[in-house]
$ cat run39.pdb   # PDB, C-alpha atoms
ATOM      1  CA  MET A   1     -19.764  24.990  27.079
ATOM      2  CA  LEU A   2     -19.636  21.433  28.430
ATOM      3  CA  ARG A   3     -22.839  20.669  26.580
ATOM      4  CA  MET A   4     -21.223  21.768  23.306
ATOM      5  CA  ARG A   5     -18.363  19.391  23.912
ATOM      6  CA  TYR A   6     -20.787  16.523  24.519
ATOM      7  CA  ILE A   7     -22.556  17.302  21.265
ATOM      8  CA  ALA A   8     -19.253  17.373  19.381
ATOM      9  CA  VAL A   9     -18.215  14.037  20.910
ATOM     10  CA  PHE A  10     -21.652  12.600  20.107
ATOM     11  CA  ILE A  11     -21.350  13.628  16.429
ATOM     12  CA  PHE A  12     -17.854  12.191  16.200
ATOM     13  CA  LEU A  13     -18.884   8.881  17.810
ATOM     14  CA  SER A  14     -22.021   8.628  15.638
ATOM     15  CA  SER A  15     -19.904   8.981  12.544
ATOM     16  CA  MET A  16     -17.697   6.171  13.826
ATOM     17  CA  ILE A  17     -20.624   3.886  14.734
ATOM     18  CA  PHE A  18     -22.300   4.228  11.345
ATOM     19  CA  PHE A  19     -19.223   2.977   9.616
ATOM     20  CA  GLY A  20     -18.869   0.653   6.648
ATOM     21  CA  CYS A  21     -16.147  -0.118   4.210
ATOM     22  CA  PHE A  22     -15.492  -2.383   1.260
ATOM     23  CA  GLN A  23     -12.779  -3.606  -1.039
ATOM     24  CA  ALA A  24     -13.423  -5.538  -4.224
ATOM     25  CA  THR A  25     -11.506  -6.693  -7.271
ATOM     26  CA  GLU A  26     -12.767  -7.996 -10.578
ATOM     27  CA  GLU A  27     -10.827  -9.433 -13.499
ATOM     28  CA  LYS A  28     -11.862  -9.781 -17.122
ATOM     29  CA  GLY A  29     -10.273 -10.852 -20.366
ATOM     30  CA  VAL A  30      -7.557 -13.377 -21.130
ATOM     31  CA  LEU A  31      -4.996 -14.637 -18.615
ATOM     32  CA  ASN A  32      -1.886 -12.435 -18.853
ATOM     33  CA  GLN A  33       0.523 -15.301 -19.613
ATOM     34  CA  TRP A  34       2.882 -12.835 -21.322
ATOM     35  CA  ARG A  35       3.947 -11.863 -17.770
ATOM     36  CA  ASP A  36       5.031 -15.440 -16.989
ATOM     37  CA  ASN A  37       8.797 -15.395 -16.357
ATOM     38  CA  ALA A  38       9.028 -19.057 -17.380
ATOM     39  CA  LEU A  39       7.836 -18.260 -20.890
ATOM     40  CA  PRO A  40      10.326 -19.020 -23.703
ATOM     41  CA  PRO A  41      11.800 -15.834 -25.250
ATOM     42  CA  ILE A  42       9.702 -14.094 -27.895
ATOM     43  CA  GLU A  43      11.936 -12.821 -30.704
ATOM     44  CA  LYS A  44      11.165 -10.497 -33.580
ATOM     45  CA  GLY A  45      11.882 -12.106 -36.951
ATOM     46  CA  LYS A  46      11.884 -15.650 -35.463
ATOM     47  CA  THR A  47       8.779 -16.401 -33.408
ATOM     48  CA  THR A  48       5.819 -17.522 -35.489
ATOM     49  CA  GLU A  49       2.097 -16.890 -35.234
ATOM     50  CA  THR A  50       1.521 -20.529 -34.234
ATOM     51  CA  GLN A  51       4.068 -20.335 -31.427
ATOM     52  CA  ILE A  52       2.396 -17.240 -29.967
ATOM     53  CA  LEU A  53      -0.981 -18.988 -30.083
ATOM     54  CA  GLU A  54       0.498 -22.040 -28.361
ATOM     55  CA  LEU A  55       2.138 -19.905 -25.682
ATOM     56  CA  LEU A  56      -0.600 -17.410 -24.954
ATOM     57  CA  GLY A  57      -3.783 -19.030 -26.230
ATOM     58  CA  PRO A  58      -6.508 -17.277 -28.228
ATOM     59  CA  PRO A  59      -6.142 -13.463 -28.336
ATOM     60  CA  SER A  60      -8.829 -11.015 -27.218
ATOM     61  CA  GLN A  61      -8.951  -9.572 -30.718
ATOM     62  CA  VAL A  62      -7.504 -10.527 -34.103
ATOM     63  CA  MET A  63      -7.140  -7.728 -36.619
ATOM     64  CA  ASN A  64      -6.334  -7.563 -40.252
ATOM     65  CA  LEU A  65      -3.986  -4.832 -41.457
ATOM     66  CA  GLY A  66      -3.254  -5.190 -45.174
ATOM     67  CA  ASP A  67      -1.121  -8.327 -45.411
ATOM     68  CA  GLN A  68      -0.330  -8.206 -41.693
ATOM     69  CA  VAL A  69      -2.163  -9.912 -38.862
ATOM     70  CA  ILE A  70      -2.369  -8.437 -35.376
ATOM     71  CA  PHE A  71      -3.017 -10.340 -32.161
ATOM     72  CA  TYR A  72      -4.259  -8.116 -29.344
ATOM     73  CA  TYR A  73      -4.359  -9.585 -25.829
ATOM     74  CA  MET A  74      -5.989  -7.750 -22.958
ATOM     75  CA  MET A  75      -6.688  -8.348 -19.286
ATOM     76  CA  GLU A  76      -8.683  -5.881 -17.207
ATOM     77  CA  LYS A  77      -8.564  -5.592 -13.433
ATOM     78  CA  THR A  78     -10.960  -3.378 -11.500
ATOM     79  CA  GLU A  79     -10.032  -2.469  -7.938
ATOM     80  CA  GLY A  80     -12.716  -0.856  -5.811
ATOM     81  CA  LYS A  81     -12.338   0.621  -2.332
ATOM     82  CA  GLY A  82     -14.743   2.663  -0.277
ATOM     83  CA  GLY A  83     -15.684   3.855   3.173
ATOM     84  CA  TYR A  84     -19.040   5.030   4.513
ATOM     85  CA  LEU A  85     -19.313   7.261   7.539
ATOM     86  CA  LEU A  86     -22.290   9.263   8.653
ATOM     87  CA  ILE A  87     -20.870  12.557   7.455
ATOM     88  CA  TYR A  88     -18.387  11.579   4.766
ATOM     89  CA  ASN A  89     -18.212   8.731   2.240
ATOM     90  CA  TRP A  90     -15.736   7.875  -0.447
ATOM     91  CA  ASN A  91     -15.666   5.361  -3.260
ATOM     92  CA  ASN A  92     -12.599   4.844  -5.429
ATOM     93  CA  LYS A  93     -12.484   2.651  -8.520
ATOM     94  CA  LYS A  94      -9.336   1.977 -10.499
ATOM     95  CA  ILE A  95      -9.307   0.054 -13.766
ATOM     96  CA  ILE A  96      -5.943  -1.307 -14.868
ATOM     97  CA  TYR A  97      -5.242  -2.871 -18.254
ATOM     98  CA  ASP A  98      -2.490  -5.336 -19.008
ATOM     99  CA  ARG A  99      -2.090  -5.538 -22.785
ATOM    100  CA  ALA A 100       0.126  -7.296 -25.292
ATOM    101  CA  ILE A 101       0.159  -6.729 -29.025
ATOM    102  CA  PHE A 102       1.863  -8.819 -31.729
ATOM    103  CA  PHE A 103       2.289  -7.851 -35.396
ATOM    104  CA  PHE A 104       2.950 -10.644 -37.918
ATOM    105  CA  ASP A 105       4.126 -10.178 -41.498
ATOM    106  CA  LYS A 106       2.687 -11.935 -44.557
ATOM    107  CA  ASN A 107       4.794 -15.041 -43.743
ATOM    108  CA  ARG A 108       3.245 -15.091 -40.256
ATOM    109  CA  ILE A 109       6.571 -14.291 -38.589
ATOM    110  CA  LEU A 110       6.607 -11.863 -35.648
ATOM    111  CA  LYS A 111       7.438  -8.407 -36.981
ATOM    112  CA  ASP A 112       6.881  -6.332 -33.854
ATOM    113  CA  TYR A 113       5.404  -6.654 -30.393
ATOM    114  CA  ALA A 114       4.860  -4.639 -27.223
ATOM    115  CA  LEU A 115       3.640  -5.104 -23.670
ATOM    116  CA  SER A 116       1.861  -2.425 -21.679
ATOM    117  CA  LYS A 117       3.846  -0.344 -19.182
ATOM    118  CA  GLU A 118       1.320  -1.100 -16.456
ATOM    119  CA  SER A 119       0.989  -4.757 -15.535
ATOM    120  CA  ILE A 120      -1.215  -7.032 -13.464
ATOM    121  CA  GLU A 121       0.466  -9.649 -11.326
ATOM    122  CA  TYR A 122       0.438 -12.971 -13.150
ATOM    123  CA  GLU A 123      -1.267 -15.809 -11.313
ATOM    124  CA  LYS A 124      -0.939 -19.194 -12.964
ATOM    125  CA  SER A 125      -4.305 -20.894 -13.498
ATOM    126  CA  GLN A 126      -4.917 -24.125 -11.583
TER
ATOM    127  CA  MET B   1     -13.119  42.790  26.044
ATOM    128  CA  LYS B   2     -12.611  39.279  27.426
ATOM    129  CA  ASN B   3     -16.360  38.656  27.290
ATOM    130  CA  LEU B   4     -16.459  39.823  23.684
ATOM    131  CA  ASN B   5     -13.635  37.430  22.692
ATOM    132  CA  SER B   6     -15.318  34.552  24.478
ATOM    133  CA  TYR B   7     -18.602  35.424  22.736
ATOM    134  CA  ILE B   8     -16.911  35.404  19.298
ATOM    135  CA  ILE B   9     -15.203  32.064  20.002
ATOM    136  CA  ASN B  10     -18.494  30.534  21.127
ATOM    137  CA  GLN B  11     -20.203  31.858  18.003
ATOM    138  CA  GLU B  12     -17.522  30.218  15.849
ATOM    139  CA  LYS B  13     -17.943  26.913  17.683
ATOM    140  CA  LEU B  14     -21.687  27.143  17.268
ATOM    141  CA  LYS B  15     -21.324  27.691  13.516
ATOM    142  CA  PHE B  16     -18.960  24.725  13.372
ATOM    143  CA  LEU B  17     -21.458  22.483  15.169
ATOM    144  CA  ILE B  18     -24.378  23.700  13.061
ATOM    145  CA  PHE B  19     -22.294  23.034   9.969
ATOM    146  CA  PHE B  20     -21.625  19.440  11.033
ATOM    147  CA  PHE B  21     -25.186  18.991  12.233
ATOM    148  CA  PHE B  22     -26.610  19.725   8.796
ATOM    149  CA  LEU B  23     -23.951  18.052   6.704
ATOM    150  CA  GLN B  24     -24.679  14.429   6.022
ATOM    151  CA  GLY B  25     -23.408  11.902   3.559
ATOM    152  CA  CYS B  26     -20.923  14.125   1.717
ATOM    153  CA  THR B  27     -19.335  11.832  -0.824
ATOM    154  CA  VAL B  28     -16.387  11.692  -3.186
ATOM    155  CA  ILE B  29     -16.542   9.090  -5.975
ATOM    156  CA  ARG B  30     -13.447   8.533  -8.125
ATOM    157  CA  SER B  31     -12.989   6.325 -11.191
ATOM    158  CA  GLN B  32      -9.592   5.948 -12.784
ATOM    159  CA  ILE B  33      -9.442   4.209 -16.134
ATOM    160  CA  ASP B  34      -6.076   3.127 -17.504
ATOM    161  CA  TYR B  35      -2.747   4.660 -16.489
ATOM    162  CA  PRO B  36      -1.667   8.281 -17.030
ATOM    163  CA  LEU B  37       0.097   8.725 -20.371
ATOM    164  CA  GLN B  38       3.764   9.651 -20.208
ATOM    165  CA  PHE B  39       3.825  11.590 -23.440
ATOM    166  CA  ASP B  40       6.715  13.772 -24.524
ATOM    167  CA  LYS B  41       6.272  15.375 -27.945
ATOM    168  CA  ASN B  42      10.052  15.508 -28.403
ATOM    169  CA  ASP B  43      10.017  11.700 -28.684
ATOM    170  CA  PHE B  44       7.739  11.746 -31.735
ATOM    171  CA  HIS B  45       8.426  13.311 -35.119
ATOM    172  CA  ARG B  46       6.110  13.382 -38.111
ATOM    173  CA  ASP B  47       7.338  11.446 -41.189
ATOM    174  CA  GLN B  48      10.204   9.968 -39.138
ATOM    175  CA  THR B  49       9.082   8.024 -36.077
ATOM    176  CA  HIS B  50       8.336   4.350 -36.714
ATOM    177  CA  ILE B  51       5.486   2.394 -35.169
ATOM    178  CA  SER B  52       8.044   0.222 -33.264
ATOM    179  CA  THR B  53       9.389   3.306 -31.455
ATOM    180  CA  VAL B  54       5.869   4.234 -30.373
ATOM    181  CA  LEU B  55       5.126   0.700 -29.193
ATOM    182  CA  GLU B  56       8.374   0.582 -27.261
ATOM    183  CA  SER B  57       7.732   3.957 -25.684
ATOM    184  CA  LEU B  58       4.013   3.728 -24.874
ATOM    185  CA  GLY B  59       3.111   0.043 -25.143
ATOM    186  CA  PRO B  60      -0.027  -1.273 -26.873
ATOM    187  CA  PRO B  61      -2.766   1.311 -27.503
ATOM    188  CA  ALA B  62      -6.187   1.297 -25.823
ATOM    189  CA  LYS B  63      -7.816   1.157 -29.259
ATOM    190  CA  MET B  64      -6.524   0.632 -32.771
ATOM    191  CA  SER B  65      -7.898   0.318 -36.243
ATOM    192  CA  ALA B  66      -6.852  -0.148 -39.829
ATOM    193  CA  LEU B  67      -7.164   3.118 -41.731
ATOM    194  CA  GLY B  68      -6.738   2.867 -45.480
ATOM    195  CA  ASN B  69      -3.396   1.107 -45.853
ATOM    196  CA  GLY B  70      -2.176   2.450 -42.541
ATOM    197  CA  VAL B  71      -3.176   2.139 -38.934
ATOM    198  CA  VAL B  72      -4.413   4.434 -36.184
ATOM    199  CA  PHE B  73      -3.612   4.138 -32.457
ATOM    200  CA  LEU B  74      -5.573   5.734 -29.630
ATOM    201  CA  TYR B  75      -4.290   6.011 -26.051
ATOM    202  CA  GLU B  76      -6.755   7.247 -23.436
ATOM    203  CA  TYR B  77      -6.561   7.974 -19.712
ATOM    204  CA  THR B  78      -9.572   9.135 -17.718
ATOM    205  CA  LEU B  79     -10.017  10.148 -14.082
ATOM    206  CA  ILE B  80     -13.591  10.998 -13.127
ATOM    207  CA  THR B  81     -14.161  12.757  -9.799
ATOM    208  CA  GLU B  82     -17.656  13.331  -8.475
ATOM    209  CA  ARG B  83     -18.062  15.467  -5.347
ATOM    210  CA  GLN B  84     -21.367  15.432  -3.501
ATOM    211  CA  LEU B  85     -22.462  17.779  -0.757
ATOM    212  CA  GLY B  86     -25.234  16.281   1.370
ATOM    213  CA  VAL B  87     -27.408  18.117   3.897
ATOM    214  CA  THR B  88     -30.281  17.050   6.085
ATOM    215  CA  VAL B  89     -32.889  18.744   8.256
ATOM    216  CA  ARG B  90     -32.818  17.297  11.741
ATOM    217  CA  HIS B  91     -36.497  17.548  12.487
ATOM    218  CA  GLY B  92     -38.785  14.536  12.879
ATOM    219  CA  LEU B  93     -39.073  12.286   9.835
ATOM    220  CA  LEU B  94     -37.242  14.855   7.716
ATOM    221  CA  SER B  95     -34.025  13.750   9.422
ATOM    222  CA  LEU B  96     -34.295  10.498   7.443
ATOM    223  CA  LEU B  97     -33.985  12.390   4.185
ATOM    224  CA  LYS B  98     -30.796  13.635   2.633
ATOM    225  CA  PHE B  99     -30.561  16.278  -0.056
ATOM    226  CA  SER B 100     -27.451  16.146  -2.192
ATOM    227  CA  HIS B 101     -25.863  18.224  -4.890
ATOM    228  CA  ALA B 102     -23.134  16.696  -7.070
ATOM    229  CA  ASN B 103     -20.579  18.013  -9.515
ATOM    230  CA  ALA B 104     -18.356  15.797 -11.629
ATOM    231  CA  THR B 105     -15.185  16.530 -13.560
ATOM    232  CA  ALA B 106     -13.050  14.358 -15.803
ATOM    233  CA  ASP B 107      -9.287  14.633 -16.249
ATOM    234  CA  ARG B 108      -8.556  13.218 -19.679
ATOM    235  CA  LYS B 109      -5.337  12.556 -21.535
ATOM    236  CA  THR B 110      -5.806  11.469 -25.128
ATOM    237  CA  LEU B 111      -3.217  10.673 -27.767
ATOM    238  CA  LEU B 112      -4.118   9.805 -31.348
ATOM    239  CA  LEU B 113      -1.404   8.596 -33.733
ATOM    240  CA  LEU B 114      -1.780   7.881 -37.454
ATOM    241  CA  PHE B 115       0.696   5.729 -39.383
ATOM    242  CA  ASP B 116       1.043   5.098 -43.096
ATOM    243  CA  GLU B 117       1.430   1.695 -44.800
ATOM    244  CA  LYS B 118       5.163   1.634 -43.939
ATOM    245  CA  GLY B 119       4.434   2.223 -40.257
ATOM    246  CA  ILE B 120       5.757   5.789 -40.283
ATOM    247  CA  LEU B 121       3.990   8.375 -38.134
ATOM    248  CA  THR B 122       2.125  10.766 -40.417
ATOM    249  CA  SER B 123       0.348  12.862 -37.788
ATOM    250  CA  TYR B 124      -0.630  12.874 -34.151
ATOM    251  CA  ALA B 125      -2.674  14.841 -31.629
ATOM    252  CA  PHE B 126      -2.341  15.000 -27.867
ATOM    253  CA  GLN B 127      -4.909  16.517 -25.559
ATOM    254  CA  ASP B 128      -4.691  16.959 -21.799
ATOM    255  CA  LEU B 129      -7.746  18.608 -20.310
ATOM    256  CA  THR B 130     -10.057  18.745 -17.333
ATOM    257  CA  GLU B 131     -13.696  19.054 -18.271
ATOM    258  CA  LYS B 132     -16.985  19.330 -16.449
ATOM    259  CA  VAL B 133     -18.977  16.150 -16.960
ATOM    260  CA  GLY B 134     -22.216  17.181 -15.321
ATOM    261  CA  SER B 135     -24.070  17.849 -12.108
ATOM    262  CA  GLY B 136     -27.108  16.511 -10.301
ATOM    263  CA  VAL B 137     -29.418  16.985  -7.329
ATOM    264  CA  GLU B 138     -31.314  14.336  -5.391
ATOM    265  CA  GLY B 139     -33.358  13.725  -2.298
ATOM    266  CA  SER B 140     -32.832  10.269  -0.845
ATOM    267  CA  PHE B 141     -32.829   8.094   2.247
ATOM    268  CA  VAL B 142     -30.100   9.316   4.539
ATOM    269  CA  TYR B 143     -27.772   6.297   4.268
ATOM    270  CA  SER B 144     -27.849   5.861   0.501
ATOM    271  CA  VAL B 145     -24.666   6.550  -1.432
ATOM    272  CA  ALA B 146     -25.031   6.682  -5.200
ATOM    273  CA  SER B 147     -23.554   8.536  -8.112
ATOM    274  CA  LEU B 148     -25.750  11.436  -9.277
ATOM    275  CA  VAL B 149     -23.918  12.153 -12.517
ATOM    276  CA  ASP B 150     -24.103   9.725 -15.416
ATOM    277  CA  THR B 151     -20.539   9.202 -16.609
ATOM    278  CA  SER B 152     -21.145   5.808 -18.223
ATOM    279  CA  ASN B 153     -20.175   7.196 -21.648
ATOM    280  CA  LEU B 154     -16.644   7.728 -20.290
ATOM    281  CA  GLU B 155     -16.524   4.343 -18.587
ATOM    282  CA  GLU B 156     -17.503   2.084 -21.490
ATOM    283  CA  GLU B 157     -15.769  -1.251 -21.302
ATOM    284  CA  PRO B 158     -13.631  -2.341 -24.283
ATOM    285  CA  ALA B 159     -15.590  -3.801 -27.194
ATOM    286  CA  VAL B 160     -13.779  -7.143 -26.856
ATOM    287  CA  PHE B 161     -15.705  -7.796 -23.636
ATOM    288  CA  GLN B 162     -19.052  -7.371 -25.382
ATOM    289  CA  TRP B 163     -19.011 -10.360 -27.715
ATOM    290  CA  GLY B 164     -22.016 -12.071 -26.119
ATOM    291  CA  THR B 165     -24.213  -9.034 -25.595
ATOM    292  CA  SER B 166     -23.547  -7.827 -29.137
ATOM    293  CA  LEU B 167     -25.872 -10.625 -30.292
ATOM    294  CA  PHE B 168     -28.780  -8.924 -28.520
ATOM    295  CA  LYS B 169     -28.410  -5.507 -30.054
ATOM    296  CA  SER B 170     -31.348  -3.855 -31.764
ATOM    297  CA  LEU B 171     -31.845  -4.459 -35.488
ATOM    298  CA  PRO B 172     -30.513  -1.065 -36.733
ATOM    299  CA  GLU B 173     -27.355  -1.558 -34.650
ATOM    300  CA  THR B 174     -26.904  -5.126 -35.923
ATOM    301  CA  LEU B 175     -27.319  -3.980 -39.541
ATOM    302  CA  ASN B 176     -24.675  -1.312 -38.938
ATOM    303  CA  VAL B 177     -22.161  -3.751 -37.433
ATOM    304  CA  HIS B 178     -20.046  -3.937 -40.613
ATOM    305  CA  HIS B 179     -19.301  -0.236 -40.186
ATOM    306  CA  SER B 180     -18.767  -0.483 -36.447
ATOM    307  CA  LEU B 181     -16.084   1.751 -34.999
ATOM    308  CA  ASP B 182     -15.252  -1.019 -32.509
ATOM    309  CA  SER B 183     -14.280  -3.691 -35.033
ATOM    310  CA  GLY B 184     -10.771  -2.350 -35.668
ATOM    311  CA  GLN B 185     -11.424  -2.080 -39.405
ATOM    312  CA  ASN B 186     -13.391   1.148 -39.784
ATOM    313  CA  GLY B 187     -11.597   3.715 -37.690
ATOM    314  CA  LEU B 188     -12.318   4.530 -34.063
ATOM    315  CA  GLU B 189     -13.784   7.150 -31.769
ATOM    316  CA  LEU B 190     -12.967   8.789 -28.451
ATOM    317  CA  LYS B 191     -14.714   7.835 -25.245
ATOM    318  CA  GLY B 192     -17.687  10.045 -24.508
ATOM    319  CA  THR B 193     -18.523  10.737 -28.161
ATOM    320  CA  THR B 194     -22.257  11.242 -28.508
ATOM    321  CA  LYS B 195     -24.067   8.410 -30.285
ATOM    322  CA  ASN B 196     -26.327  10.811 -32.129
ATOM    323  CA  VAL B 197     -23.794  11.936 -34.711
ATOM    324  CA  GLY B 198     -21.574  10.252 -37.277
ATOM    325  CA  GLN B 199     -21.565   6.514 -37.890
ATOM    326  CA  HIS B 200     -23.706   5.691 -34.843
ATOM    327  CA  SER B 201     -26.533   7.956 -35.969
ATOM    328  CA  LEU B 202     -27.461   5.199 -38.443
ATOM    329  CA  GLU B 203     -28.261   2.982 -35.468
ATOM    330  CA  MET B 204     -31.294   5.126 -34.578
ATOM    331  CA  ARG B 205     -30.650   5.039 -30.838
ATOM    332  CA  SER B 206     -32.814   7.177 -28.625
ATOM    333  CA  ILE B 207     -31.228  10.250 -27.058
ATOM    334  CA  GLY B 208     -29.349   9.315 -23.916
ATOM    335  CA  GLN B 209     -28.357   5.851 -25.087
TER
END
$ encode --input "run39.pdb" --output "structure tokens"
Amino acid sequence: MLRMRYIAVFIFLSSMIFFGCFQATEEKGVLNQWRDNALPPIEKGKTTETQILELLGPPSQVMNLGDQVIFYYMMEKTEGKGGYLLIYNWNNKKIIYDRAIFFFDKNRILKDYALSKESIEYEKSQ
Amino acid sequence: MKNLNSYIINQEKLKFLIFFFFLQGCTVIRSQIDYPLQFDKNDFHRDQTHISTVLESLGPPAKMSALGNGVVFLYEYTLITERQLGVTVRHGLLSLLKFSHANATADRKTLLLLFDEKGILTSYAFQDLTEKVGSGVEGSFVYSVASLVDTSNLEEEPAVFQWGTSLFKSLPETLNVHHSLDSGQNGLELKGTTKNVGQHSLEMRSIGQ
């Protein structure tokens, strides 16, 4: 009986000794300046294509839709976490997207825009 | 009677120890891509809802493309879960080997919305399903932890991050680039769509690519 207990304790301790863990983050895409609180207000029917480019820089993708132009900005953040024990391991990866989309009419005035519901914390570049 | 109870309890403990003695390197691998869609079909009405309402409600889509004079939006959420059961034989050098069996499932929420030239919703489709993605078996060194199921087709990164590598594509793929479903001008496709049908079949990729 005592021997069994020793074995159980040995297994538990072994799984603790052979322990490893990690956490990693990776970011891709354009800087999410649309989350900057200091940004001047963006207004439908007033803000121009040039102003958006000046404020946010080059978009991730520019699309043509009839006589409209679309600017699509995207930032991707990958968060990875994991733990390795002798008996049990886990590895979780979460990819978050922070997006902004701007529709301009034929006069290059902002017609519509939207920001994603999920956001990545904005960190001003140095 | 007391001896019998004690015997049964000891048997249970023995099974428990044997169970833990053989189990090794059981692993759970999870990949979550994008955020879960908060879709309510009562918010969207065919031939009524405007593109601005959709943008306000759901934000920018994961993918979009011009479609005739209109536009198509695609929202996708994917959660891949791979569960591995690992066992080992604790005898000599065999104890350094681990045998694993893996099963993977994907929880997917997909919403496709089509708008006409005035930005009015003409049709939409929403799908919320859990599907089996695959399974695998391996024998490996005891401390290795790796995915046994290939789910890369569900984890493709957005096309905008592939500008550089797109220059090194094979010739058939390069020739087909004007019809690419990633350009935003020729429609789009769901994650996980096989490359051996439809527009991509012109790219003559080998099976599995």
$ closest_residue --input "run39.pdb" --among "B:His91, B:Arg83, B:Arg108, B:His178" --to "B:Phe126" --atoms "all atoms listed in the file"
B:Arg108
$ resolve_selection --input "run39.pdb" --expression "the PyMOL selection byres ((chain B and resi 97) around 7)" --output "list in words"
Thr88, Leu94, Ser95, Leu96, Lys98, Phe99, Gly139, Ser140, Phe141 and Val142 of chain B
$ closest_residue --input "run39.pdb" --among "A:Leu2, A:Val30, A:Leu86, A:Ala38" --to "chain B" --atoms "only C-alpha atoms"
A:Leu86
$ closest_residue --input "run39.pdb" --among "B:Pro36, B:Gly68, B:Pro158, B:Pro172" --to "A:Lys94" --atoms "only C-alpha atoms"
B:Pro36
$ resolve_selection --input "run39.pdb" --expression "the PyMOL selection byres ((chain A and resi 70) around 9)" --output "PDB file with C-alpha atoms, in the coordinates of the input"
ATOM      1  CA  GLN A  61      -8.951  -9.572 -30.718  1.00  0.00           C
ATOM      2  CA  VAL A  62      -7.504 -10.527 -34.103  1.00  0.00           C
ATOM      3  CA  MET A  63      -7.140  -7.728 -36.619  1.00  0.00           C
ATOM      4  CA  ASN A  64      -6.334  -7.563 -40.252  1.00  0.00           C
ATOM      5  CA  LEU A  65      -3.986  -4.832 -41.457  1.00  0.00           C
ATOM      6  CA  GLN A  68      -0.330  -8.206 -41.693  1.00  0.00           C
ATOM      7  CA  VAL A  69      -2.163  -9.912 -38.862  1.00  0.00           C
ATOM      8  CA  PHE A  71      -3.017 -10.340 -32.161  1.00  0.00           C
ATOM      9  CA  TYR A  72      -4.259  -8.116 -29.344  1.00  0.00           C
ATOM     10  CA  ILE A 101       0.159  -6.729 -29.025  1.00  0.00           C
ATOM     11  CA  PHE A 102       1.863  -8.819 -31.729  1.00  0.00           C
ATOM     12  CA  PHE A 103       2.289  -7.851 -35.396  1.00  0.00           C
ATOM     13  CA  PHE A 104       2.950 -10.644 -37.918  1.00  0.00           C
TER      14      PHE A 104
END
$ residues_near_point --input "run39.pdb" --point "(-1.7, -17.5, -28.8)" --cutoff "12 Å" --atoms "all atoms listed in the file" --output "ChimeraX atom specification"
/A:30-34,42,47-62,70-73,100-102
$ write_last_selection --input "run39.pdb" --atoms "C-alpha atoms" --output "PDB file, in the coordinates of the input"
ATOM      1  CA  VAL A  30      -7.557 -13.377 -21.130  1.00  0.00           C
ATOM      2  CA  LEU A  31      -4.996 -14.637 -18.615  1.00  0.00           C
ATOM      3  CA  ASN A  32      -1.886 -12.435 -18.853  1.00  0.00           C
ATOM      4  CA  GLN A  33       0.523 -15.301 -19.613  1.00  0.00           C
ATOM      5  CA  TRP A  34       2.882 -12.835 -21.322  1.00  0.00           C
ATOM      6  CA  ILE A  42       9.702 -14.094 -27.895  1.00  0.00           C
ATOM      7  CA  THR A  47       8.779 -16.401 -33.408  1.00  0.00           C
ATOM      8  CA  THR A  48       5.819 -17.522 -35.489  1.00  0.00           C
ATOM      9  CA  GLU A  49       2.097 -16.890 -35.234  1.00  0.00           C
ATOM     10  CA  THR A  50       1.521 -20.529 -34.234  1.00  0.00           C
ATOM     11  CA  GLN A  51       4.068 -20.335 -31.427  1.00  0.00           C
ATOM     12  CA  ILE A  52       2.396 -17.240 -29.967  1.00  0.00           C
ATOM     13  CA  LEU A  53      -0.981 -18.988 -30.083  1.00  0.00           C
ATOM     14  CA  GLU A  54       0.498 -22.040 -28.361  1.00  0.00           C
ATOM     15  CA  LEU A  55       2.138 -19.905 -25.682  1.00  0.00           C
ATOM     16  CA  LEU A  56      -0.600 -17.410 -24.954  1.00  0.00           C
ATOM     17  CA  GLY A  57      -3.783 -19.030 -26.230  1.00  0.00           C
ATOM     18  CA  PRO A  58      -6.508 -17.277 -28.228  1.00  0.00           C
ATOM     19  CA  PRO A  59      -6.142 -13.463 -28.336  1.00  0.00           C
ATOM     20  CA  SER A  60      -8.829 -11.015 -27.218  1.00  0.00           C
ATOM     21  CA  GLN A  61      -8.951  -9.572 -30.718  1.00  0.00           C
ATOM     22  CA  VAL A  62      -7.504 -10.527 -34.103  1.00  0.00           C
ATOM     23  CA  ILE A  70      -2.369  -8.437 -35.376  1.00  0.00           C
ATOM     24  CA  PHE A  71      -3.017 -10.340 -32.161  1.00  0.00           C
ATOM     25  CA  TYR A  72      -4.259  -8.116 -29.344  1.00  0.00           C
ATOM     26  CA  TYR A  73      -4.359  -9.585 -25.829  1.00  0.00           C
ATOM     27  CA  ALA A 100       0.126  -7.296 -25.292  1.00  0.00           C
ATOM     28  CA  ILE A 101       0.159  -6.729 -29.025  1.00  0.00           C
ATOM     29  CA  PHE A 102       1.863  -8.819 -31.729  1.00  0.00           C
TER      30      PHE A 102
END
$ resolve_selection --input "run39.pdb" --expression "the PyMOL selection byres ((chain B) within 8 of (chain A))" --output "PyMOL selection string"
chain B and resi 17+20-21+23-35+52+55-56+58-60+66+69-71+143+145+160-161+184-185
$ atom_distance --input "run39.pdb" --atom1 "atom CA of A:Phe19" --atom2 "atom CA of B:Val89"
20.9 Å
$ atom_distance --input "run39.pdb" --atom1 "atom CA of A:Asp36" --atom2 "atom CA of B:Ile51"
25.5 Å
$ residues_near_point --input "run39.pdb" --point "(-1.9, 5.1, -41.4)" --cutoff "10 Å" --atoms "only C-alpha atoms" --output "ChimeraX atom specification"
/B:65-73,113-123
$ axis_aligned_box --input "run39.pdb" --around "stretch 147-150 of chain B" --padding-each-side "6 Å" --output "AutoDock Vina command-line options"
--center_x -24.7 --center_y 10.3 --center_z -11.8 --size_x 14.2 --size_y 15.6 --size_z 19.3
$ atom_distance --input "run39.pdb" --atom1 "atom CA of B:Ala102" --atom2 "atom CA of B:Val137"
6.3 Å
